[in-house]
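One structure below.
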Amino acid sequence: MSVSPAPGPARSPAEVNAEIRALVAAGGAGTDRYRELLVEWGEAMRAEVEAAA
């Protein structure tokens, strides 16, 4: 039995950032969705840095 690697983020940091900006512009800063997006953005950034290394 083989173990597959953990999947990376489905979206790029730029895509997540665009959603964060739209949410903030709509007054959604501080919401649960905003916090979820920040976590997703951080994971996407880490994956991008690791892939570049």
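Chain labels follow the order of the structure tokens: the first chain is A, the next B, and so on; residue numbering restarts at 1 in every chain, and ligands are counted from 1 in their shown order.
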Q: Mind the document's chain letters and residue numbers, and return as a count of residues only the residues of chain A that DSSP labels helix (DSSP H, G or I).
A: 34
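The residue set within 12 Å of Glu48 (chain A), counting only C-alpha atoms and dropping same-chain residues fewer than 5 places from it, reads Gly8, Pro9, Ala10, Arg11, Ser12, Pro13, Ala14, Trp41, Gly42, Glu43 and Ala53 of chain A.
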Only N, CA, C and O atoms, please: the residues just picked out, written as an mmCIF file, in the first residue's frame.
```cif
data_model
loop_
_atom_site.group_PDB
_atom_site.id
_atom_site.type_symbol
_atom_site.label_atom_id
_atom_site.label_comp_id
_atom_site.auth_asym_id
_atom_site.auth_seq_id
_atom_site.Cartn_x
_atom_site.Cartn_y
_atom_site.Cartn_z
ATOM 1 N N GLY A 8 -1.522 19.873 -2.424
ATOM 2 C CA GLY A 8 -1.205 21.276 -2.211
ATOM 3 C C GLY A 8 -2.456 22.114 -2.322
ATOM 4 O O GLY A 8 -3.541 21.596 -2.601
ATOM 5 N N PRO A 9 -2.318 23.376 -2.098
ATOM 6 C CA PRO A 9 -3.488 24.246 -2.214
ATOM 7 C C PRO A 9 -4.011 24.233 -3.644
ATOM 8 O O PRO A 9 -3.249 24.120 -4.601
ATOM 9 N N ALA A 10 -5.301 24.343 -3.772
ATOM 10 C CA ALA A 10 -5.929 24.281 -5.085
ATOM 11 C C ALA A 10 -5.746 25.580 -5.857
ATOM 12 O O ALA A 10 -5.841 25.578 -7.070
ATOM 13 N N ARG A 11 -5.493 26.664 -5.155
ATOM 14 C CA ARG A 11 -5.392 27.973 -5.820
ATOM 15 C C ARG A 11 -4.055 28.621 -5.513
ATOM 16 O O ARG A 11 -3.426 28.338 -4.513
ATOM 17 N N SER A 12 -3.674 29.524 -6.397
ATOM 18 C CA SER A 12 -2.426 30.259 -6.214
ATOM 19 C C SER A 12 -2.635 31.351 -5.162
ATOM 20 O O SER A 12 -3.768 31.762 -4.903
ATOM 21 N N PRO A 13 -1.530 31.847 -4.578
ATOM 22 C CA PRO A 13 -1.659 32.956 -3.635
ATOM 23 C C PRO A 13 -2.353 34.167 -4.253
ATOM 24 O O PRO A 13 -3.134 34.849 -3.594
ATOM 25 N N ALA A 14 -2.088 34.427 -5.533
ATOM 26 C CA ALA A 14 -2.710 35.577 -6.199
ATOM 27 C C ALA A 14 -4.228 35.421 -6.290
ATOM 28 O O ALA A 14 -4.966 36.392 -6.106
ATOM 29 N N TRP A 41 -4.352 31.444 2.080
ATOM 30 C CA TRP A 41 -3.309 32.237 1.455
ATOM 31 C C TRP A 41 -1.936 31.861 2.017
ATOM 32 O O TRP A 41 -0.972 31.692 1.267
ATOM 33 N N GLY A 42 -1.852 31.709 3.330
ATOM 34 C CA GLY A 42 -0.583 31.321 3.958
ATOM 35 C C GLY A 42 -0.102 29.969 3.468
ATOM 36 O O GLY A 42 1.091 29.778 3.178
ATOM 37 N N GLU A 43 -1.013 29.017 3.342
ATOM 38 C CA GLU A 43 -0.652 27.689 2.851
ATOM 39 C C GLU A 43 -0.191 27.757 1.397
ATOM 40 O O GLU A 43 0.772 27.095 1.012
ATOM 41 N N ALA A 53 12.123 26.223 -4.029
ATOM 42 C CA ALA A 53 13.394 25.857 -3.386
ATOM 43 C C ALA A 53 14.005 24.599 -3.966
ATOM 44 O O ALA A 53 13.546 23.822 -4.627
#
```
Q.
Using only C-alpha atoms, which protein or nucleic acid residues come within 12 Å of Arg35 (chain A)? Drop anything in the same chain fewer than 4 positions from it, and give the result as a PyMOL selection string.
A. chain A and resi 16+19-20+23-24+28-31+39-42
Atoms to include: C-alpha atoms. Write the selected residues as a PDB file, in the first residue's frame.
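out18.pdb, freshly written:
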```pdb
ATOM      1  CA  VAL A  16      -6.717  33.795  -2.900  1.00  0.00           C
ATOM      2  CA  GLU A  19     -10.792  36.984  -3.104  1.00  0.00           C
ATOM      3  CA  ILE A  20      -9.496  38.502   0.140  1.00  0.00           C
ATOM      4  CA  LEU A  23     -14.186  40.447   0.595  1.00  0.00           C
ATOM      5  CA  VAL A  24     -12.518  43.379   2.383  1.00  0.00           C
ATOM      6  CA  GLY A  28     -16.192  41.318   5.100  1.00  0.00           C
ATOM      7  CA  ALA A  29     -12.950  41.771   7.038  1.00  0.00           C
ATOM      8  CA  GLY A  30     -13.086  40.006  10.378  1.00  0.00           C
ATOM      9  CA  THR A  31     -15.534  37.332   9.219  1.00  0.00           C
ATOM     10  CA  VAL A  39      -5.105  30.505   6.267  1.00  0.00           C
ATOM     11  CA  GLU A  40      -5.507  29.362   2.657  1.00  0.00           C
ATOM     12  CA  TRP A  41      -3.309  32.237   1.455  1.00  0.00           C
ATOM     13  CA  GLY A  42      -0.583  31.321   3.958  1.00  0.00           C
TER      14      GLY A  42
END
```
